[in-house]
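A.B. asks: Next up, final-v2.pdb (PDB, C-alpha atoms and all ligand atoms).
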ATOM      1  CA  MET A 101      32.034  76.023 138.602  1.00  0.00           C
ATOM      2  CA  LYS A 102      33.839  77.519 135.630  1.00  0.00           C
ATOM      3  CA  ALA A 103      36.866  79.374 136.894  1.00  0.00           C
ATOM      4  CA  ILE A 104      39.641  81.399 135.365  1.00  0.00           C
ATOM      5  CA  VAL A 105      43.042  80.990 136.999  1.00  0.00           C
ATOM      6  CA  VAL A 106      45.586  83.643 136.142  1.00  0.00           C
ATOM      7  CA  VAL A 107      48.675  85.452 137.386  1.00  0.00           C
ATOM      8  CA  ILE A 108      48.707  89.103 136.341  1.00  0.00           C
ATOM      9  CA  ASP A 109      50.928  92.078 136.962  1.00  0.00           C
ATOM     10  CA  GLU A 110      49.634  95.564 137.729  1.00  0.00           C
ATOM     11  CA  ASN A 111      49.183  96.203 134.005  1.00  0.00           C
ATOM     12  CA  ASN A 112      47.309  92.905 133.320  1.00  0.00           C
ATOM     13  CA  GLY A 113      50.493  91.424 131.823  1.00  0.00           C
ATOM     14  CA  ILE A 114      50.538  87.614 131.918  1.00  0.00           C
ATOM     15  CA  GLY A 115      53.472  86.465 129.804  1.00  0.00           C
ATOM     16  CA  LYS A 116      56.555  87.195 127.746  1.00  0.00           C
ATOM     17  CA  ASN A 117      58.374  85.213 125.052  1.00  0.00           C
ATOM     18  CA  GLY A 118      56.015  82.248 125.435  1.00  0.00           C
ATOM     19  CA  GLY A 119      56.614  81.933 129.181  1.00  0.00           C
ATOM     20  CA  LEU A 120      55.499  83.421 132.480  1.00  0.00           C
ATOM     21  CA  LEU A 121      56.602  86.847 133.730  1.00  0.00           C
ATOM     22  CA  CYS A 122      58.564  85.520 136.697  1.00  0.00           C
ATOM     23  CA  HIS A 123      58.995  82.479 138.900  1.00  0.00           C
ATOM     24  CA  LEU A 124      56.702  82.428 141.957  1.00  0.00           C
ATOM     25  CA  PRO A 125      57.047  79.013 143.637  1.00  0.00           C
ATOM     26  CA  ASN A 126      54.194  79.670 146.073  1.00  0.00           C
ATOM     27  CA  ASP A 127      51.901  80.462 143.189  1.00  0.00           C
ATOM     28  CA  LEU A 128      52.727  77.144 141.515  1.00  0.00           C
ATOM     29  CA  LYS A 129      51.815  75.439 144.790  1.00  0.00           C
ATOM     30  CA  HIS A 130      48.595  77.446 145.011  1.00  0.00           C
ATOM     31  CA  PHE A 131      47.731  76.563 141.390  1.00  0.00           C
ATOM     32  CA  LYS A 132      48.332  72.872 142.065  1.00  0.00           C
ATOM     33  CA  GLN A 133      46.184  72.970 145.195  1.00  0.00           C
ATOM     34  CA  ILE A 134      43.254  74.609 143.403  1.00  0.00           C
ATOM     35  CA  THR A 135      43.292  72.512 140.236  1.00  0.00           C
ATOM     36  CA  THR A 136      44.370  68.994 141.303  1.00  0.00           C
ATOM     37  CA  GLY A 137      41.625  66.425 140.832  1.00  0.00           C
ATOM     38  CA  HIS A 138      39.738  68.649 138.410  1.00  0.00           C
ATOM     39  CA  THR A 139      39.652  69.652 134.736  1.00  0.00           C
ATOM     40  CA  ILE A 140      41.898  72.279 133.159  1.00  0.00           C
ATOM     41  CA  ILE A 141      41.414  73.870 129.742  1.00  0.00           C
ATOM     42  CA  MET A 142      44.314  75.553 127.980  1.00  0.00           C
ATOM     43  CA  GLY A 143      45.330  77.006 124.631  1.00  0.00           C
ATOM     44  CA  ARG A 144      47.949  75.282 122.493  1.00  0.00           C
ATOM     45  CA  LYS A 145      50.712  77.798 123.301  1.00  0.00           C
ATOM     46  CA  THR A 146      50.165  77.410 127.028  1.00  0.00           C
ATOM     47  CA  TYR A 147      50.419  73.627 126.637  1.00  0.00           C
ATOM     48  CA  GLU A 148      53.712  74.151 124.790  1.00  0.00           C
ATOM     49  CA  SER A 149      55.008  76.260 127.681  1.00  0.00           C
ATOM     50  CA  LEU A 150      54.583  73.407 130.192  1.00  0.00           C
ATOM     51  CA  PRO A 151      57.997  71.880 130.887  1.00  0.00           C
ATOM     52  CA  LYS A 152      56.730  68.295 131.228  1.00  0.00           C
ATOM     53  CA  GLY A 153      53.571  68.388 129.106  1.00  0.00           C
ATOM     54  CA  ALA A 154      50.175  67.437 130.549  1.00  0.00           C
ATOM     55  CA  LEU A 155      49.788  68.270 134.235  1.00  0.00           C
ATOM     56  CA  PRO A 156      49.392  65.188 136.455  1.00  0.00           C
ATOM     57  CA  ASN A 157      46.220  64.286 138.353  1.00  0.00           C
ATOM     58  CA  ARG A 158      44.055  66.582 136.265  1.00  0.00           C
ATOM     59  CA  ILE A 159      42.015  66.140 133.100  1.00  0.00           C
ATOM     60  CA  ASN A 160      43.949  68.247 130.573  1.00  0.00           C
ATOM     61  CA  ILE A 161      41.956  69.701 127.667  1.00  0.00           C
ATOM     62  CA  VAL A 162      43.925  71.512 124.940  1.00  0.00           C
ATOM     63  CA  ILE A 163      42.297  73.688 122.285  1.00  0.00           C
ATOM     64  CA  THR A 164      44.216  73.595 119.004  1.00  0.00           C
ATOM     65  CA  SER A 165      43.934  73.044 115.273  1.00  0.00           C
ATOM     66  CA  ALA A 166      47.180  71.004 115.353  1.00  0.00           C
ATOM     67  CA  ASP A 167      47.540  67.199 115.158  1.00  0.00           C
ATOM     68  CA  LYS A 168      46.089  65.451 118.205  1.00  0.00           C
ATOM     69  CA  GLU A 169      49.179  63.213 118.602  1.00  0.00           C
ATOM     70  CA  LYS A 170      51.253  66.232 119.613  1.00  0.00           C
ATOM     71  CA  PHE A 171      49.451  66.452 122.973  1.00  0.00           C
ATOM     72  CA  PRO A 172      49.995  63.189 124.878  1.00  0.00           C
ATOM     73  CA  GLY A 173      47.839  62.745 127.950  1.00  0.00           C
ATOM     74  CA  CYS A 174      45.407  65.458 126.817  1.00  0.00           C
ATOM     75  CA  ILE A 175      41.928  65.607 125.399  1.00  0.00           C
ATOM     76  CA  VAL A 176      42.358  67.649 122.214  1.00  0.00           C
ATOM     77  CA  VAL A 177      39.463  69.813 121.023  1.00  0.00           C
ATOM     78  CA  ARG A 178      39.002  72.334 118.226  1.00  0.00           C
ATOM     79  CA  SER A 179      37.007  75.106 119.922  1.00  0.00           C
ATOM     80  CA  VAL A 180      35.907  76.594 123.242  1.00  0.00           C
ATOM     81  CA  GLU A 181      32.426  75.163 122.614  1.00  0.00           C
ATOM     82  CA  GLU A 182      33.853  71.660 122.220  1.00  0.00           C
ATOM     83  CA  ALA A 183      35.972  72.078 125.382  1.00  0.00           C
ATOM     84  CA  LEU A 184      32.893  73.096 127.354  1.00  0.00           C
ATOM     85  CA  SER A 185      30.819  70.291 125.934  1.00  0.00           C
ATOM     86  CA  VAL A 186      33.484  67.696 126.829  1.00  0.00           C
ATOM     87  CA  SER A 187      33.637  69.047 130.411  1.00  0.00           C
ATOM     88  CA  GLU A 188      29.925  69.768 130.768  1.00  0.00           C
ATOM     89  CA  ASP A 189      29.298  67.437 133.706  1.00  0.00           C
ATOM     90  CA  HIS A 190      32.664  68.004 135.437  1.00  0.00           C
ATOM     91  CA  GLU A 191      32.220  69.639 138.840  1.00  0.00           C
ATOM     92  CA  LYS A 192      35.085  72.130 138.581  1.00  0.00           C
ATOM     93  CA  VAL A 193      36.569  73.376 135.329  1.00  0.00           C
ATOM     94  CA  PHE A 194      39.553  75.717 135.316  1.00  0.00           C
ATOM     95  CA  ILE A 195      40.524  77.830 132.318  1.00  0.00           C
ATOM     96  CA  ILE A 196      44.269  78.262 132.713  1.00  0.00           C
ATOM     97  CA  GLY A 197      45.266  80.440 129.748  1.00  0.00           C
ATOM     98  CA  GLY A 198      46.818  81.887 127.845  1.00  0.00           C
ATOM     99  CA  GLY A 199      45.889  85.312 126.572  1.00  0.00           C
ATOM    100  CA  GLU A 200      43.923  84.225 123.529  1.00  0.00           C
ATOM    101  CA  LEU A 201      41.897  81.674 125.465  1.00  0.00           C
ATOM    102  CA  TYR A 202      41.229  84.117 128.334  1.00  0.00           C
ATOM    103  CA  ARG A 203      39.909  86.670 125.826  1.00  0.00           C
ATOM    104  CA  SER A 204      37.416  84.207 124.403  1.00  0.00           C
ATOM    105  CA  THR A 205      36.245  82.744 127.732  1.00  0.00           C
ATOM    106  CA  PHE A 206      36.435  85.471 130.384  1.00  0.00           C
ATOM    107  CA  HIS A 207      32.733  86.281 129.962  1.00  0.00           C
ATOM    108  CA  LEU A 208      31.824  82.624 130.650  1.00  0.00           C
ATOM    109  CA  ALA A 209      33.568  82.367 134.021  1.00  0.00           C
ATOM    110  CA  ASP A 210      31.766  82.510 137.367  1.00  0.00           C
ATOM    111  CA  THR A 211      34.921  82.458 139.515  1.00  0.00           C
ATOM    112  CA  LEU A 212      38.276  84.188 139.187  1.00  0.00           C
ATOM    113  CA  TYR A 213      41.423  82.975 140.940  1.00  0.00           C
ATOM    114  CA  LEU A 214      43.743  85.877 140.432  1.00  0.00           C
ATOM    115  CA  THR A 215      47.321  86.121 141.613  1.00  0.00           C
ATOM    116  CA  LEU A 216      48.430  89.738 141.486  1.00  0.00           C
ATOM    117  CA  ILE A 217      52.149  90.426 141.241  1.00  0.00           C
ATOM    118  CA  HIS A 218      52.765  93.865 142.734  1.00  0.00           C
ATOM    119  CA  ASN A 219      54.981  94.950 139.867  1.00  0.00           C
ATOM    120  CA  THR A 220      54.726  96.037 136.235  1.00  0.00           C
ATOM    121  CA  PHE A 221      56.819  94.078 133.732  1.00  0.00           C
ATOM    122  CA  GLU A 222      57.823  96.387 130.891  1.00  0.00           C
ATOM    123  CA  ASP A 223      58.656  93.398 128.664  1.00  0.00           C
ATOM    124  CA  ALA A 224      55.245  91.665 128.966  1.00  0.00           C
ATOM    125  CA  ASP A 225      53.869  90.761 125.520  1.00  0.00           C
ATOM    126  CA  THR A 226      50.671  88.900 126.469  1.00  0.00           C
ATOM    127  CA  PHE A 227      47.835  90.390 128.502  1.00  0.00           C
ATOM    128  CA  PHE A 228      44.651  89.485 130.342  1.00  0.00           C
ATOM    129  CA  PRO A 229      41.555  91.393 129.175  1.00  0.00           C
ATOM    130  CA  GLU A 230      40.431  94.425 131.148  1.00  0.00           C
ATOM    131  CA  ILE A 231      38.631  93.428 134.356  1.00  0.00           C
ATOM    132  CA  ASP A 232      35.619  95.447 135.496  1.00  0.00           C
ATOM    133  CA  TYR A 233      35.890  94.863 139.241  1.00  0.00           C
ATOM    134  CA  ASN A 234      32.287  96.078 139.690  1.00  0.00           C
ATOM    135  CA  ASP A 235      31.284  92.734 138.162  1.00  0.00           C
ATOM    136  CA  TRP A 236      33.244  90.708 140.702  1.00  0.00           C
ATOM    137  CA  GLN A 237      32.959  90.222 144.453  1.00  0.00           C
ATOM    138  CA  LEU A 238      36.193  89.611 146.324  1.00  0.00           C
ATOM    139  CA  ILE A 239      35.645  86.645 148.664  1.00  0.00           C
ATOM    140  CA  ASP A 240      39.196  85.837 149.702  1.00  0.00           C
ATOM    141  CA  GLU A 241      42.541  87.647 149.728  1.00  0.00           C
ATOM    142  CA  GLU A 242      45.976  86.700 151.034  1.00  0.00           C
ATOM    143  CA  LYS A 243      48.888  89.082 150.660  1.00  0.00           C
ATOM    144  CA  TYR A 244      52.537  87.986 150.805  1.00  0.00           C
ATOM    145  CA  GLU A 245      55.681  90.086 151.034  1.00  0.00           C
ATOM    146  CA  GLU A 246      58.697  89.435 148.865  1.00  0.00           C
ATOM    147  CA  ASP A 247      61.184  86.973 150.330  1.00  0.00           C
ATOM    148  CA  GLU A 248      64.312  85.091 149.267  1.00  0.00           C
ATOM    149  CA  ARG A 249      62.330  82.979 146.746  1.00  0.00           C
ATOM    150  CA  HIS A 250      59.848  85.641 145.562  1.00  0.00           C
ATOM    151  CA  ILE A 251      61.340  88.895 144.381  1.00  0.00           C
ATOM    152  CA  TYR A 252      57.997  90.755 144.349  1.00  0.00           C
ATOM    153  CA  ASP A 253      55.090  91.108 146.747  1.00  0.00           C
ATOM    154  CA  TYR A 254      52.068  89.154 145.502  1.00  0.00           C
ATOM    155  CA  SER A 255      48.446  88.478 146.489  1.00  0.00           C
ATOM    156  CA  PHE A 256      46.108  85.563 145.978  1.00  0.00           C
ATOM    157  CA  LYS A 257      42.607  86.900 145.345  1.00  0.00           C
ATOM    158  CA  THR A 258      39.418  84.952 144.747  1.00  0.00           C
ATOM    159  CA  TYR A 259      36.402  86.621 143.161  1.00  0.00           C
ATOM    160  CA  VAL A 260      32.942  85.395 142.278  1.00  0.00           C
ATOM    161  CA  LYS A 261      30.860  86.998 139.558  1.00  0.00           C
ATOM    162  CA  ARG A 262      28.119  89.240 140.905  1.00  0.00           C
ATOM    163  CA  ASP A 263      24.540  88.498 139.861  1.00  0.00           C
ATOM    164  CA  LYS A 264      23.324  91.154 137.453  1.00  0.00           C
TER     165      LYS A 264
HETATM  166  N1  LIG B   1      50.144  84.425 133.807  1.00  0.00           N
HETATM  167  C1  LIG B   1      49.369  83.363 133.626  1.00  0.00           C
HETATM  168  O1  LIG B   1      48.580  82.999 134.487  1.00  0.00           O
HETATM  169  C2  LIG B   1      49.473  82.590 132.351  1.00  0.00           C
HETATM  170  C3  LIG B   1      48.700  81.439 132.169  1.00  0.00           C
HETATM  171  C4  LIG B   1      48.809  80.742 130.965  1.00  0.00           C
HETATM  172  C5  LIG B   1      49.670  81.198 129.974  1.00  0.00           C
HETATM  173  N2  LIG B   1      50.397  82.329 130.188  1.00  0.00           N
HETATM  174  C6  LIG B   1      51.287  82.856 129.154  1.00  0.00           C
HETATM  175  O2  LIG B   1      50.487  83.266 128.043  1.00  0.00           O
HETATM  176  C7  LIG B   1      51.268  83.097 126.850  1.00  0.00           C
HETATM  177  C8  LIG B   1      50.499  82.211 125.890  1.00  0.00           C
HETATM  178  O3  LIG B   1      49.258  82.856 125.569  1.00  0.00           O
HETATM  179  P1  LIG B   1      48.788  83.061 124.050  1.00  0.00           P
HETATM  180  O4  LIG B   1      47.662  84.028 124.026  1.00  0.00           O
HETATM  181  O5  LIG B   1      50.004  83.381 123.240  1.00  0.00           O
HETATM  182  O6  LIG B   1      48.339  81.609 123.610  1.00  0.00           O
HETATM  183  P2  LIG B   1      47.263  80.504 124.159  1.00  0.00           P
HETATM  184  O7  LIG B   1      45.928  81.149 124.402  1.00  0.00           O
HETATM  185  O8  LIG B   1      47.880  79.697 125.229  1.00  0.00           O
HETATM  186  O9  LIG B   1      47.218  79.555 122.873  1.00  0.00           O
HETATM  187  C9  LIG B   1      46.777  80.066 121.655  1.00  0.00           C
HETATM  188  C10 LIG B   1      46.461  78.916 120.730  1.00  0.00           C
HETATM  189  O10 LIG B   1      45.489  78.069 121.349  1.00  0.00           O
HETATM  190  C11 LIG B   1      44.416  77.799 120.446  1.00  0.00           C
HETATM  191  N3  LIG B   1      43.274  78.622 120.875  1.00  0.00           N
HETATM  192  C12 LIG B   1      43.228  79.466 121.929  1.00  0.00           C
HETATM  193  N4  LIG B   1      42.004  80.018 122.057  1.00  0.00           N
HETATM  194  C13 LIG B   1      41.257  79.498 121.074  1.00  0.00           C
HETATM  195  C14 LIG B   1      39.903  79.668 120.695  1.00  0.00           C
HETATM  196  N5  LIG B   1      39.073  80.483 121.354  1.00  0.00           N
HETATM  197  N6  LIG B   1      39.459  78.993 119.608  1.00  0.00           N
HETATM  198  C15 LIG B   1      40.289  78.159 118.932  1.00  0.00           C
HETATM  199  N7  LIG B   1      41.595  77.945 119.268  1.00  0.00           N
HETATM  200  C16 LIG B   1      42.068  78.615 120.311  1.00  0.00           C
HETATM  201  C17 LIG B   1      45.002  78.166 119.073  1.00  0.00           C
HETATM  202  O11 LIG B   1      45.802  77.037 118.741  1.00  0.00           O
HETATM  203  P3  LIG B   1      46.281  76.622 117.236  1.00  0.00           P
HETATM  204  O12 LIG B   1      47.097  77.780 116.720  1.00  0.00           O
HETATM  205  O13 LIG B   1      47.075  75.395 117.454  1.00  0.00           O
HETATM  206  O14 LIG B   1      45.025  76.400 116.438  1.00  0.00           O
HETATM  207  C18 LIG B   1      45.852  79.373 119.414  1.00  0.00           C
HETATM  208  O15 LIG B   1      46.874  79.660 118.471  1.00  0.00           O
HETATM  209  C19 LIG B   1      52.599  82.498 127.295  1.00  0.00           C
HETATM  210  O16 LIG B   1      53.540  83.547 127.486  1.00  0.00           O
HETATM  211  C20 LIG B   1      52.256  81.837 128.609  1.00  0.00           C
HETATM  212  O17 LIG B   1      53.366  81.673 129.452  1.00  0.00           O
HETATM  213  C21 LIG B   1      50.321  83.029 131.358  1.00  0.00           C
END
Spell out the structure here as structure tokens.
Ligand SMILES: NC(=O)c1ccc[n+]([C@@H]2O[C@H](COP(=O)([O-])OP(=O)(O)OC[C@H]3O[C@@H](n4cnc5c(N)ncnc54)[C@H](OP(=O)(O)O)[C@@H]3O)[C@@H](O)[C@H]2O)c1

C.D. replies:
Amino acid sequence: MKAIVVVIDENNGIGKNGGLLCHLPNDLKHFKQITTGHTIIMGRKTYESLPKGALPNRINIVITSADKEKFPGCIVVRSVEEALSVSEDHEKVFIIGGGELYRSTFHLADTLYLTLIHNTFEDADTFFPEIDYNDWQLIDEEKYEEDERHIYDYSFKTYVKRDK
């Protein structure tokens, strides 16, 4: 399985000023549940946005042209092709962002874990590519209302790529 994991707003916004659009604790839990024990691939800027560096209990692969020593606990590669070759025989591989990496890998994914925030952030500066939902079959959906820790409604949606 090669999956994309992403949180988007209603305008496909994914980030602002090098960080996420908002804090959604349940989404962090969901992300951890999906990815723990597996392999994650990320772009250099997404790595830099992680507060404590490499994520525990996962194989972290970072794509960058920067010095390898700057990414402790990670496998550092120079291209998407190298990332895929390193993880070739891993059962589940999750592409976790950001925008640049999503743009160059979206067409390779067979599964999409999408968290939709039911809001549009006017200050978003990084976006997920356009999604043609005809290409994707929704296999799971959970909707949550805003509460004291989540200031927007949000939905966890899982899609698998339709056979052409
Ligand atoms: N909402 C979400 O689910 C989510 C998830 C992840 C990140 N984000 C947000 O997205 C933003 C970061 O995204 P971004 O687009 O600015 O950066 P990014 O994709 O995280 O990182 C870009 C860097 O990674 C390397 N890279 C990425 N794709 C590559 C490719 N195909 N080939 C070679 N190198 C590649 C390059 O590193 P070098 O310059 O070092 O060569 C490039 O400058 C942040 O705001 C972050 O919080 C949101």

A.B. asks: Given 8 Å of margin on each side, can you work out the centre and size in Å (one decimal) of an axis-aligned box holding every listed atom of ligand LIG 1 (chain B), as AutoDock Vina command-line options?

C.D. replies:
--center_x 46.3 --center_y 79.9 --center_z 125.5 --size_x 30.5 --size_y 25.0 --size_z 34.0

A.B. asks: Determine the residue membership of the PyMOL selection byres (((chain A and resi 226) around 7) and not hetatm) for the file above and supply it as a PyMOL selection string.

C.D. replies: chain A and resi 113-116+199+224-225+227

A.B. asks: Export C-alpha atoms of the chosen residues as a JSON list (two decimals), in the coordinates of the input?

C.D. replies:
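Written out: again_25.json:
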[["chain", "number", "residue", "atom", "x", "y", "z"],
["A", 113, "GLY", "CA", 50.49, 91.42, 131.82],
["A", 114, "ILE", "CA", 50.54, 87.61, 131.92],
["A", 115, "GLY", "CA", 53.47, 86.46, 129.80],
["A", 116, "LYS", "CA", 56.56, 87.20, 127.75],
["A", 199, "GLY", "CA", 45.89, 85.31, 126.57],
["A", 224, "ALA", "CA", 55.24, 91.66, 128.97],
["A", 225, "ASP", "CA", 53.87, 90.76, 125.52],
["A", 227, "PHE", "CA", 47.84, 90.39, 128.50]]

A.B. asks: Can you pull out the residues contacting segment 168-184 of chain A? Cut-off 10 Å, using only C-alpha atoms, and skip same-chain residues under 6 positions away; I want them as a tab-separated table (two decimals) with C-alpha atoms, keeping the file's coordinate frame.

C.D. replies:
chain	number	residue	atom	x	y	z
A	102	LYS	CA	33.84	77.52	135.63
A	140	ILE	CA	41.90	72.28	133.16
A	141	ILE	CA	41.41	73.87	129.74
A	142	MET	CA	44.31	75.55	127.98
A	143	GLY	CA	45.33	77.01	124.63
A	144	ARG	CA	47.95	75.28	122.49
A	147	TYR	CA	50.42	73.63	126.64
A	148	GLU	CA	53.71	74.15	124.79
A	153	GLY	CA	53.57	68.39	129.11
A	154	ALA	CA	50.18	67.44	130.55
A	155	LEU	CA	49.79	68.27	134.24
A	156	PRO	CA	49.39	65.19	136.46
A	158	ARG	CA	44.06	66.58	136.26
A	159	ILE	CA	42.02	66.14	133.10
A	160	ASN	CA	43.95	68.25	130.57
A	161	ILE	CA	41.96	69.70	127.67
A	162	VAL	CA	43.92	71.51	124.94
A	190	HIS	CA	32.66	68.00	135.44
A	193	VAL	CA	36.57	73.38	135.33
A	201	LEU	CA	41.90	81.67	125.46
A	204	SER	CA	37.42	84.21	124.40
A	205	THR	CA	36.24	82.74	127.73

A.B. asks: May I ask for the distance between atom P3 of ligand LIG 1 (chain B) and atom CA of Lys145 of chain A, given in Å to one decimal place?

C.D. replies: 7.6 Å

A.B. asks: If we count only C-alpha atoms, what is near segment 235-249 of chain A at a cut-off of 6 Å, once residues fewer than 4 positions away on the same chain are taken out, given as a compact mmCIF listing (two decimals) with C-alpha atoms, in the frame of the given file?

C.D. replies:
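This is the output file out_8.txt:
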# COMPACT_ATOMS: atom_id res chain seq x y z
CA ASP A 253 55.09 91.11 146.75
CA TYR A 254 52.07 89.15 145.50
CA SER A 255 48.45 88.48 146.49
CA PHE A 256 46.11 85.56 145.98
CA LYS A 257 42.61 86.90 145.34
CA THR A 258 39.42 84.95 144.75
CA TYR A 259 36.40 86.62 143.16
CA VAL A 260 32.94 85.40 142.28
CA LYS A 261 30.86 87.00 139.56
CA ARG A 262 28.12 89.24 140.90

A.B. asks: So, with all atoms listed in the file as the atoms that count, which of A:Ile195, A:Ala166, A:Cys122, A:Ile217 lies closest to ligand LIG 1 (chain B)?

C.D. replies: A:Ala166

A.B. asks: Select, from A:Leu150, A:Leu208, A:Val106, A:Leu214, the residue with the minimum atom-to-atom distance to ligand LIG 1 (chain B), counting all atoms listed in the file.

C.D. replies: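 Nearest to ligand LIG 1 (chain B): A:Val106.
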
A.B. asks: Evaluate the PyMOL selection byres (((chain A and resi 192) around 10) and not hetatm) on the structure here and hand back the selected residues as a ChimeraX atom specification.

C.D. replies: /A:101-103,134-135,137-140,187-191,193-194

A.B. asks: Which residue, A:His250, A:Lys152, A:His218, A:His130, has the smallest gap to Ile108 of chain A when you use only C-alpha atoms?

C.D. replies: A:His218

A.B. asks: Find, counting all atoms listed in the file, the residue in A:Ile251, A:Ile231, A:Leu212, A:Val105 that gets nearest to ligand LIG 1 (chain B).

C.D. replies: A:Val105

A.B. asks: Any idea what the distance is between atom C12 of ligand LIG 1 (chain B) and atom CA of Ile104 of chain A?

C.D. replies: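 Taking atom C12 of ligand LIG 1 (chain B) and atom CA of Ile104 of chain A, their separation equals 14.0 Å.
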
A.B. asks: In Å, with one decimal, what is the gap from atom C18 of ligand LIG 1 (chain B) to atom CA of Gly118 of chain A?

C.D. replies: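 Result for atom C18 of ligand LIG 1 (chain B) versus atom CA of Gly118 of chain A: 12.2 Å, one decimal.
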
A.B. asks: Give the answer as one residue: which of A:Thr146, A:Thr136, A:Asn112, A:Ser185 has the shortest atom-to-atom distance to ligand LIG 1 (chain B), using only C-alpha atoms and all ligand atoms?

C.D. replies: A:Thr146

A.B. asks: Rank A:Asp232, A:Leu124, A:Lys264, A:Ala209 by their smallest atom-to-atom distance to ligand LIG 1 (chain B), using all atoms listed in the file, and report the top residue only.

C.D. replies: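 Closest candidate: A:Leu124.
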